[in-house]
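What's in work13.tsv: TSV, C-alpha atoms and all ligand atoms
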chain	number	residue	atom	x	y	z
L	1419	MET	CA	-21.37	8.41	-31.46
L	1420	MET	CA	-18.00	8.62	-29.69
L	1421	LYS	CA	-17.27	11.81	-27.73
L	1422	THR	CA	-13.86	12.73	-26.23
L	1423	THR	CA	-13.76	15.16	-23.29
L	1424	VAL	CA	-11.08	16.64	-21.05
L	1425	ILE	CA	-12.56	17.18	-17.56
L	1426	ASP	CA	-10.88	19.09	-14.79
L	1427	GLU	CA	-11.37	17.33	-11.46
L	1428	THR	CA	-13.21	20.44	-10.16
L	1429	GLU	CA	-15.85	19.83	-12.87
L	1430	MET	CA	-16.25	16.07	-12.30
L	1431	SER	CA	-19.93	15.07	-11.89
L	1432	PRO	CA	-21.00	12.16	-9.66
L	1433	GLU	CA	-22.43	10.39	-12.76
L	1434	LEU	CA	-19.18	10.61	-14.72
L	1435	ASP	CA	-17.15	9.57	-11.67
L	1436	GLN	CA	-19.40	6.50	-11.39
L	1437	SER	CA	-19.09	5.61	-15.07
L	1438	ILE	CA	-15.27	5.87	-14.93
L	1439	ARG	CA	-15.18	3.72	-11.77
L	1440	ASP	CA	-17.46	1.14	-13.43
L	1441	GLY	CA	-14.86	0.86	-16.22
L	1442	LEU	CA	-11.97	0.69	-13.75
L	1443	CYS	CA	-13.69	-2.16	-11.88
L	1444	VAL	CA	-14.08	-4.13	-15.15
L	1445	CYS	CA	-10.52	-3.47	-16.38
L	1446	PHE	CA	-8.67	-3.78	-13.04
L	1447	SER	CA	-10.76	-6.52	-11.42
L	1448	PRO	CA	-8.24	-7.31	-8.61
L	1449	ASP	CA	-8.67	-3.70	-7.43
L	1450	VAL	CA	-12.48	-3.57	-7.34
L	1451	GLU	CA	-12.29	-2.90	-3.60
L	1452	VAL	CA	-10.56	0.44	-4.32
L	1453	PHE	CA	-12.23	1.51	-7.55
L	1454	SER	CA	-15.78	0.80	-6.36
L	1455	LYS	CA	-15.19	3.71	-3.97
L	1456	THR	CA	-12.60	6.06	-5.49
L	1457	ARG	CA	-10.43	6.88	-8.52
L	1458	THR	CA	-7.60	7.82	-6.16
L	1459	TRP	CA	-4.64	5.41	-6.37
L	1460	HIS	CA	-1.89	5.30	-3.71
L	1461	GLY	CA	-3.22	8.60	-2.38
L	1462	SER	CA	-3.04	10.40	-5.75
L	1463	ALA	CA	-6.22	11.78	-7.32
L	1464	PRO	CA	-6.24	13.07	-10.90
L	1465	ALA	CA	-6.03	16.81	-11.66
L	1466	TRP	CA	-7.87	16.16	-14.90
L	1467	SER	CA	-9.13	13.20	-16.87
L	1468	VAL	CA	-9.71	12.31	-20.51
L	1469	VAL	CA	-12.76	10.19	-21.27
L	1470	MET	CA	-14.24	8.74	-24.43
L	1471	GLU	CA	-17.96	8.12	-24.10
L	1472	MET	CA	-20.33	6.13	-26.26
L	1473	ASP	CA	-24.07	6.30	-25.55
L	1474	GLY	CA	-23.36	7.94	-22.20
L	1475	LYS	CA	-20.92	5.22	-21.08
L	1476	VAL	CA	-17.18	5.73	-20.57
L	1477	VAL	CA	-15.38	3.28	-22.89
L	1478	ALA	CA	-11.83	4.68	-22.60
L	1479	HIS	CA	-10.15	6.74	-19.90
L	1480	VAL	CA	-6.94	8.16	-18.51
L	1481	GLY	CA	-6.42	10.13	-15.28
L	1482	ILE	CA	-3.57	12.64	-14.97
L	1483	VAL	CA	-1.98	13.50	-11.63
L	1484	ASP	CA	-0.11	16.77	-11.09
L	1485	ARG	CA	3.16	16.02	-9.27
L	1486	LYS	CA	6.31	17.92	-8.48
L	1487	ILE	CA	9.17	15.42	-8.48
L	1488	ARG	CA	12.90	15.88	-7.96
L	1489	VAL	CA	15.45	14.71	-10.51
L	1490	GLY	CA	19.03	15.07	-9.31
L	1491	ASP	CA	19.10	18.62	-7.94
L	1492	ARG	CA	16.16	20.07	-9.90
L	1493	PHE	CA	12.38	19.92	-9.61
L	1494	LEU	CA	10.11	18.91	-12.46
L	1495	ARG	CA	6.33	19.25	-12.67
L	1496	VAL	CA	5.14	16.05	-14.26
L	1497	ALA	CA	1.79	14.95	-15.66
L	1498	GLY	CA	1.53	11.45	-14.20
L	1499	ILE	CA	-0.58	8.97	-16.13
L	1500	GLN	CA	-2.85	6.71	-14.07
L	1501	ASN	CA	-5.76	4.30	-14.46
L	1502	VAL	CA	-5.59	3.92	-18.25
L	1503	PHE	CA	-8.31	1.65	-19.58
L	1504	VAL	CA	-10.25	0.71	-22.69
L	1505	LEU	CA	-13.29	-1.52	-22.11
L	1506	PRO	CA	-12.60	-5.07	-23.40
L	1507	GLU	CA	-15.10	-4.81	-26.28
L	1508	GLU	CA	-13.49	-1.59	-27.56
L	1509	ARG	CA	-9.83	-2.68	-27.49
L	1510	GLY	CA	-7.61	-2.83	-30.56
L	1511	LYS	CA	-9.31	0.20	-32.17
L	1512	GLY	CA	-6.83	2.96	-31.30
L	1513	LEU	CA	-8.84	4.43	-28.40
L	1514	CYS	CA	-5.87	4.14	-26.03
L	1515	ASP	CA	-3.74	6.18	-28.46
L	1516	ALA	CA	-6.50	8.79	-28.71
L	1517	VAL	CA	-6.91	9.34	-24.94
L	1518	MET	CA	-3.13	9.38	-24.42
L	1519	ASP	CA	-2.67	11.94	-27.23
L	1520	THR	CA	-5.39	14.19	-25.80
L	1521	ALA	CA	-3.89	13.89	-22.30
L	1522	MET	CA	-0.47	15.10	-23.48
L	1523	VAL	CA	-1.90	17.94	-25.61
L	1524	GLU	CA	-3.66	19.14	-22.44
L	1525	ALA	CA	-0.45	18.68	-20.38
L	1526	ALA	CA	1.43	20.86	-22.91
L	1527	LYS	CA	-1.32	23.54	-22.65
L	1528	ARG	CA	-0.99	23.44	-18.87
L	1529	ARG	CA	2.77	23.96	-19.24
L	1530	PHE	CA	3.95	20.71	-17.60
L	1531	ASP	CA	7.63	19.80	-17.89
L	1532	ALA	CA	7.06	16.17	-18.93
L	1533	GLY	CA	4.73	13.18	-18.69
L	1534	LEU	CA	5.64	10.20	-16.50
L	1535	LEU	CA	4.06	6.74	-16.28
L	1536	PHE	CA	4.68	3.29	-14.85
L	1537	CYS	CA	3.41	0.15	-16.56
L	1538	VAL	CA	4.13	-3.50	-17.23
L	1539	PRO	CA	6.82	-4.15	-19.92
L	1540	GLU	CA	4.19	-5.62	-22.29
L	1541	LEU	CA	2.68	-2.14	-22.65
L	1542	GLU	CA	5.91	-0.37	-23.63
L	1543	LYS	CA	5.10	-0.70	-27.35
L	1544	VAL	CA	1.59	0.68	-26.81
L	1545	TYR	CA	2.84	3.90	-25.19
L	1546	ALA	CA	5.97	4.14	-27.40
L	1547	ARG	CA	3.60	4.33	-30.37
L	1548	VAL	CA	2.34	7.71	-29.11
L	1549	GLY	CA	5.72	9.22	-28.20
L	1550	TRP	CA	6.56	7.80	-24.74
L	1551	LYS	CA	10.18	6.82	-24.05
L	1552	LEU	CA	11.57	4.10	-21.79
L	1553	MET	CA	13.74	5.36	-18.93
L	1554	PRO	CA	15.96	3.62	-16.37
L	1555	LYS	CA	13.63	2.39	-13.62
L	1556	GLU	CA	16.57	1.76	-11.28
L	1557	ASP	CA	16.78	5.52	-10.82
L	1558	VAL	CA	13.23	5.92	-9.49
L	1559	VAL	CA	12.59	6.28	-5.75
L	1560	ARG	CA	9.08	6.34	-4.27
L	1561	ILE	CA	7.78	6.63	-0.70
L	1562	ASP	CA	5.50	3.80	0.39
L	1563	ASP	CA	2.46	4.09	2.70
L	1564	ASN	CA	4.71	3.64	5.74
L	1565	GLY	CA	6.93	6.55	4.75
L	1566	ALA	CA	9.85	4.33	3.65
L	1567	GLU	CA	11.87	4.90	0.46
L	1568	GLN	CA	11.37	2.07	-2.04
L	1569	LYS	CA	12.27	1.17	-5.60
L	1570	LEU	CA	9.51	0.82	-8.19
L	1571	PRO	CA	7.63	-2.51	-7.96
L	1572	ALA	CA	9.68	-5.15	-9.81
L	1573	LYS	CA	6.90	-5.77	-12.35
L	1574	ASN	CA	6.93	-2.16	-13.60
L	1575	ILE	CA	8.91	-0.09	-16.09
L	1576	ALA	CA	9.03	3.74	-16.22
L	1577	MET	CA	8.39	5.88	-19.31
L	1578	PHE	CA	8.39	9.63	-19.92
L	1579	PHE	CA	6.88	12.00	-22.46
L	1580	PRO	CA	8.89	15.07	-23.49
L	1581	LEU	CA	7.05	18.40	-23.11
L	1582	LYS	CA	9.01	21.51	-21.99
L	1583	VAL	CA	11.80	19.15	-20.94
L	1584	LYS	CA	12.90	17.23	-24.03
L	1585	LYS	CA	15.41	14.92	-22.36
L	1586	PHE	CA	15.07	13.61	-18.83
L	1587	PRO	CA	17.87	15.12	-16.71
L	1588	PRO	CA	20.38	12.67	-15.19
L	1589	GLY	CA	20.22	11.63	-11.54
L	1590	THR	CA	17.92	9.90	-9.11
L	1591	ILE	CA	14.23	10.47	-9.84
L	1592	HIS	CA	12.56	11.05	-6.50
L	1593	LEU	CA	8.76	10.88	-6.74
L	1594	ARG	CA	8.45	12.69	-3.37
L	1595	GLY	CA	5.51	10.38	-2.57
L	1596	ASN	CA	4.20	7.04	-3.72
L	1597	ASP	CA	3.84	6.02	-7.37
L	1598	TRP	CA	0.48	6.49	-9.07
B	1601	LIG	C1	-3.86	-1.12	-21.90
B	1601	LIG	C2	-5.09	-0.83	-22.74
B	1601	LIG	C3	-5.67	0.53	-22.35
B	1601	LIG	C4	-4.62	-0.74	-24.22
B	1601	LIG	O1	-5.70	-0.49	-25.07
B	1601	LIG	P1	-5.90	-1.40	-26.37
B	1601	LIG	O2	-7.01	-0.83	-27.20
B	1601	LIG	O3	-6.04	-2.80	-25.91
B	1601	LIG	O4	-4.48	-1.21	-27.11
B	1601	LIG	P2	-3.85	-2.10	-28.26
B	1601	LIG	O5	-4.93	-2.55	-29.19
B	1601	LIG	O6	-2.74	-1.33	-28.82
B	1601	LIG	O7	-3.28	-3.44	-27.57
B	1601	LIG	C5	-2.53	-3.41	-26.45
B	1601	LIG	C6	-1.53	-4.56	-26.44
B	1601	LIG	O8	-1.11	-4.69	-25.09
B	1601	LIG	C7	-1.53	-5.95	-24.54
B	1601	LIG	N1	-2.02	-5.68	-23.20
B	1601	LIG	C8	-3.04	-4.87	-22.85
B	1601	LIG	N2	-3.16	-4.82	-21.51
B	1601	LIG	C9	-2.18	-5.60	-21.01
B	1601	LIG	C10	-1.76	-5.95	-19.69
B	1601	LIG	N3	-2.38	-5.48	-18.60
B	1601	LIG	N4	-0.70	-6.77	-19.57
B	1601	LIG	C11	-0.03	-7.26	-20.64
B	1601	LIG	N5	-0.38	-6.95	-21.90
B	1601	LIG	C12	-1.44	-6.14	-22.08
B	1601	LIG	C13	-2.59	-6.46	-25.48
B	1601	LIG	O9	-2.65	-7.88	-25.45
B	1601	LIG	C14	-2.09	-5.93	-26.82
B	1601	LIG	O10	-0.99	-6.71	-27.29
B	1601	LIG	P3	-0.90	-7.21	-28.82
B	1601	LIG	O11	-0.89	-5.96	-29.67
B	1601	LIG	O12	0.39	-7.96	-28.87
B	1601	LIG	O13	-2.12	-8.04	-29.04
B	1601	LIG	C15	-6.19	-1.94	-22.60
B	1601	LIG	O14	-5.65	-3.15	-23.06
B	1601	LIG	C16	-6.67	-2.11	-21.16
B	1601	LIG	O15	-7.59	-1.43	-20.74
B	1601	LIG	N6	-6.06	-3.05	-20.40
B	1601	LIG	C17	-6.46	-3.33	-19.02
B	1601	LIG	C18	-6.10	-2.20	-18.08
B	1601	LIG	C19	-4.60	-1.89	-18.10
B	1601	LIG	O16	-3.76	-2.77	-17.99
B	1601	LIG	N7	-4.27	-0.58	-18.23
B	1601	LIG	C20	-2.91	-0.12	-18.32
B	1601	LIG	C21	-2.38	0.34	-17.00
B	1601	LIG	S1	-0.75	1.03	-17.18

I'd like the structure from this file rewritten - as structure tokens, please.
Ligand SMILES: CC(C)(COP(=O)(O)OP(=O)(O)OC[C@H]1O[C@@H](n2cnc3c(N)ncnc32)[C@H](O)[C@@H]1OP(=O)(O)O)[C@@H](O)C(=O)NCCC(=O)NCCS
Amino acid sequence: MMKTTVIDETEMSPELDQSIRDGLCVCFSPDVEVFSKTRTWHGSAPAWSVVMEMDGKVVAHVGIVDRKIRVGDRFLRVAGIQNVFVLPEERGKGLCDAVMDTAMVEAAKRRFDAGLLFCVPELEKVYARVGWKLMPKEDVVRIDDNGAEQKLPAKNIAMFFPLKVKKFPPGTIHLRGNDW
């Protein structure tokens, strides 16, 4: 039977951490070096995670980072989506929609201003299906590992999810750190 759980990072067990990382290694094979050790990406660890488990194995997952970004002259607290995966044998069944929905219900409960994610353009339709909106990526500034301001990687688009903030304010979106 499939079970969906929201886990705060303070409650994360070593067994669940391992099962999530096993899935990450399968679904992001070029990054096995990272995910065999940690779920942290570009220095950002999740504040909470949503997992779907079947027979004790994580089959779908999303991590959510808690970040205070600056947009124009105001600060927004965003729920940043990272490390989304559905194991290959479970794809095409709506599990991605289910974990993304649960993640944003939890973000609303935790009073976040908005959700924010970066992905390849092919996935825009997948996230748009559950309420995410495309935004101008040219406006996003991140800080790389050397402390230098950079644009988003060319292969990525940016999308947001309205929570308390229904429309993304105008102006440069400064991530005040690297992307996630
Ligand atoms: C992204 C993912 C979670 C979506 O779950 P899913 O159950 O496959 O979702 P869907 O059934 O709606 O299908 C997703 C669509 O995106 C495509 N797609 C999935 N991952 C893709 C990727 N990395 N690059 C390009 N296209 C991708 C699929 O081919 C499919 O397209 P189609 O509907 O035209 O056939 C899952 O495909 C996955 O784990 N992919 C590998 C990890 C990954 O890329 N995560 C996203 C990081 S932002």

Considering all atoms listed in the file, state which residue in the set L:Glu1471, L:Asp1531, L:Glu1433, L:Asp1440 is at the smallest distance from L:Val1496.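 Distance minimum relative to L:Val1496 lands on L:Asp1531.
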
If the limit is 9 Å from any atom of ligand LIG 1601 (chain B), counting all atoms listed in the file, which residues qualify? Return them as a PyMOL selection string. chain L and resi 1441-1442+1444-1446+1478-1480+1499-1506+1508-1515+1535-1545+1547

Option closest in space to L:Pro1464, from L:Ile1425, L:Val1489, L:Ala1572, L:Cys1443 [counting all atoms listed in the file]: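 Looking only at the distances to L:Pro1464, the closest residue turns out to be L:Ile1425.
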
I want to know what sits within 7 Å of L:Trp1550, based on all atoms listed in the file, with residues of the same chain fewer than 3 positions away left out; could you give that as an NGL selection string? :L and (1545-1546 or 1577-1579)

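Protein and nucleic acid residues near (20.1, 3.6, -12.4) are Gly1490, Met1553, Pro1554, Lys1555, Glu1556, Asp1557, Val1558, Val1559, Lys1569, Leu1570, Ala1576, Pro1588, Gly1589, Thr1590 and Ile1591 of chain L, the criterion being any atom at most 12 Å away using all atoms listed in the file.
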
What is the distance, in Å and to one decimal place, between atom CA of L:Asp1597 and atom CA of L:Lys1486?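 Atom-to-atom, atom CA of L:Asp1597 and atom CA of L:Lys1486 are spaced 12.2 Å apart.
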
note - atom CA of L:Trp1466 and atom CA of L:Val1424 are separated by 7.0 Å

Using all atoms listed in the file, which of the listed residues (L:Arg1495, L:Arg1594, L:Arg1528, L:Arg1485) sits closest to L:Ile1561?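 Checking each of L:Arg1495, L:Arg1594, L:Arg1528, L:Arg1485 against L:Ile1561, counting all atoms listed in the file, the winner is L:Arg1594.
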
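For the set L:Asp1491, L:Lys1475, L:Asp1426, L:Met1419, the residue with the smallest atom-to-atom gap to L:Arg1439 is L:Lys1475, counting only C-alpha atoms.
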
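Residues lying within 9 Å of L:Gly1595, counting all atoms listed in the file and ignoring same-chain neighbours fewer than 3 positions away, are L:Gly1461, L:Ile1487, L:Val1559, L:Arg1560, L:Ile1561, L:Asp1562, L:Asp1563, L:Gly1565, L:Glu1567, L:His1592.
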
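Here the question is which of L:Val1468, L:Leu1494, L:Ile1575, L:Ala1566 gets nearest to L:Thr1423 using all atoms listed in the file, and that residue is L:Val1468.
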
Atom CA of L:Phe1493 sits from atom CA of L:Gly1533 at a separation of 13.7 Å

Show me the residues close to (-16.0, 10.2, -14.5) - anything with an atom within 9 Å, counting all atoms listed in the file - and format the list as a list in words.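 It turns out the residues near that spot are Ile1425, Met1430, Ser1431, Pro1432, Glu1433, Leu1434, Asp1435, Gln1436, Ser1437, Ile1438, Arg1439, Arg1457, Ser1467, Val1468, Val1469, Val1476 and His1479 of chain L.
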
Any chance you could model N, CA and C atoms for stretch 1560-1589 of chain L and send them as a JSON list (two decimals), keeping the file's coordinate frame?
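Written file, result.json:
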[["chain", "number", "residue", "atom", "x", "y", "z"],
["L", 1560, "ARG", "N", 10.42, 5.94, -4.72],
["L", 1560, "ARG", "CA", 9.08, 6.34, -4.27],
["L", 1560, "ARG", "C", 9.01, 6.19, -2.76],
["L", 1561, "ILE", "N", 7.98, 6.77, -2.15],
["L", 1561, "ILE", "CA", 7.78, 6.63, -0.70],
["L", 1561, "ILE", "C", 6.53, 5.78, -0.49],
["L", 1562, "ASP", "N", 6.67, 4.67, 0.20],
["L", 1562, "ASP", "CA", 5.50, 3.80, 0.39],
["L", 1562, "ASP", "C", 4.58, 4.34, 1.50],
["L", 1563, "ASP", "N", 3.47, 3.62, 1.74],
["L", 1563, "ASP", "CA", 2.46, 4.09, 2.70],
["L", 1563, "ASP", "C", 3.00, 4.22, 4.12],
["L", 1564, "ASN", "N", 4.12, 3.55, 4.39],
["L", 1564, "ASN", "CA", 4.71, 3.64, 5.74],
["L", 1564, "ASN", "C", 5.80, 4.71, 5.82],
["L", 1565, "GLY", "N", 5.95, 5.47, 4.74],
["L", 1565, "GLY", "CA", 6.93, 6.55, 4.75],
["L", 1565, "GLY", "C", 8.35, 6.11, 4.42],
["L", 1566, "ALA", "N", 8.50, 4.85, 3.95],
["L", 1566, "ALA", "CA", 9.85, 4.33, 3.65],
["L", 1566, "ALA", "C", 10.17, 4.49, 2.16],
["L", 1567, "GLU", "N", 11.43, 4.80, 1.85],
["L", 1567, "GLU", "CA", 11.87, 4.90, 0.46],
["L", 1567, "GLU", "C", 11.94, 3.51, -0.16],
["L", 1568, "GLN", "N", 11.39, 3.37, -1.35],
["L", 1568, "GLN", "CA", 11.37, 2.07, -2.04],
["L", 1568, "GLN", "C", 11.71, 2.27, -3.51],
["L", 1569, "LYS", "N", 12.13, 1.17, -4.15],
["L", 1569, "LYS", "CA", 12.27, 1.17, -5.60],
["L", 1569, "LYS", "C", 10.88, 0.99, -6.21],
["L", 1570, "LEU", "N", 10.77, 1.12, -7.52],
["L", 1570, "LEU", "CA", 9.51, 0.82, -8.19],
["L", 1570, "LEU", "C", 9.21, -0.67, -8.02],
["L", 1571, "PRO", "N", 7.93, -1.08, -8.00],
["L", 1571, "PRO", "CA", 7.63, -2.51, -7.96],
["L", 1571, "PRO", "C", 8.35, -3.22, -9.11],
["L", 1572, "ALA", "N", 8.86, -4.43, -8.83],
["L", 1572, "ALA", "CA", 9.68, -5.15, -9.81],
["L", 1572, "ALA", "C", 8.97, -5.37, -11.14],
["L", 1573, "LYS", "N", 7.64, -5.46, -11.12],
["L", 1573, "LYS", "CA", 6.90, -5.77, -12.35],
["L", 1573, "LYS", "C", 6.77, -4.55, -13.27],
["L", 1574, "ASN", "N", 7.18, -3.37, -12.81],
["L", 1574, "ASN", "CA", 6.93, -2.16, -13.60],
["L", 1574, "ASN", "C", 8.16, -1.59, -14.30],
["L", 1575, "ILE", "N", 7.90, -0.92, -15.43],
["L", 1575, "ILE", "CA", 8.91, -0.09, -16.09],
["L", 1575, "ILE", "C", 8.45, 1.37, -15.99],
["L", 1576, "ALA", "N", 9.36, 2.30, -16.25],
["L", 1576, "ALA", "CA", 9.03, 3.74, -16.22],
["L", 1576, "ALA", "C", 9.20, 4.32, -17.62],
["L", 1577, "MET", "N", 8.29, 5.21, -18.00],
["L", 1577, "MET", "CA", 8.39, 5.88, -19.31],
["L", 1577, "MET", "C", 8.10, 7.36, -19.14],
["L", 1578, "PHE", "N", 8.70, 8.21, -20.00],
["L", 1578, "PHE", "CA", 8.39, 9.63, -19.92],
["L", 1578, "PHE", "C", 8.01, 10.18, -21.29],
["L", 1579, "PHE", "N", 7.33, 11.34, -21.23],
["L", 1579, "PHE", "CA", 6.88, 12.00, -22.46],
["L", 1579, "PHE", "C", 7.47, 13.40, -22.46],
["L", 1580, "PRO", "N", 8.27, 13.75, -23.49],
["L", 1580, "PRO", "CA", 8.89, 15.07, -23.49],
["L", 1580, "PRO", "C", 7.87, 16.19, -23.73],
["L", 1581, "LEU", "N", 7.90, 17.21, -22.88],
["L", 1581, "LEU", "CA", 7.05, 18.40, -23.11],
["L", 1581, "LEU", "C", 8.02, 19.58, -23.12],
["L", 1582, "LYS", "N", 8.01, 20.43, -22.05],
["L", 1582, "LYS", "CA", 9.01, 21.51, -21.99],
["L", 1582, "LYS", "C", 10.41, 20.92, -21.88],
["L", 1583, "VAL", "N", 10.51, 19.84, -21.10],
["L", 1583, "VAL", "CA", 11.80, 19.15, -20.94],
["L", 1583, "VAL", "C", 11.87, 18.03, -21.98],
["L", 1584, "LYS", "N", 12.83, 18.16, -22.89],
["L", 1584, "LYS", "CA", 12.90, 17.23, -24.03],
["L", 1584, "LYS", "C", 13.65, 15.96, -23.69],
["L", 1585, "LYS", "N", 14.61, 16.07, -22.73],
["L", 1585, "LYS", "CA", 15.41, 14.92, -22.36],
["L", 1585, "LYS", "C", 15.43, 14.85, -20.84],
["L", 1586, "PHE", "N", 15.13, 13.70, -20.28],
["L", 1586, "PHE", "CA", 15.07, 13.61, -18.83],
["L", 1586, "PHE", "C", 16.45, 13.89, -18.25],
["L", 1587, "PRO", "N", 16.55, 14.82, -17.28],
["L", 1587, "PRO", "CA", 17.87, 15.12, -16.71],
["L", 1587, "PRO", "C", 18.44, 13.89, -16.00],
["L", 1588, "PRO", "N", 19.77, 13.81, -15.88],
["L", 1588, "PRO", "CA", 20.38, 12.67, -15.19],
["L", 1588, "PRO", "C", 20.16, 12.76, -13.69],
["L", 1589, "GLY", "N", 20.31, 11.63, -13.00],
["L", 1589, "GLY", "CA", 20.22, 11.63, -11.54],
["L", 1589, "GLY", "C", 19.03, 10.84, -11.05]]
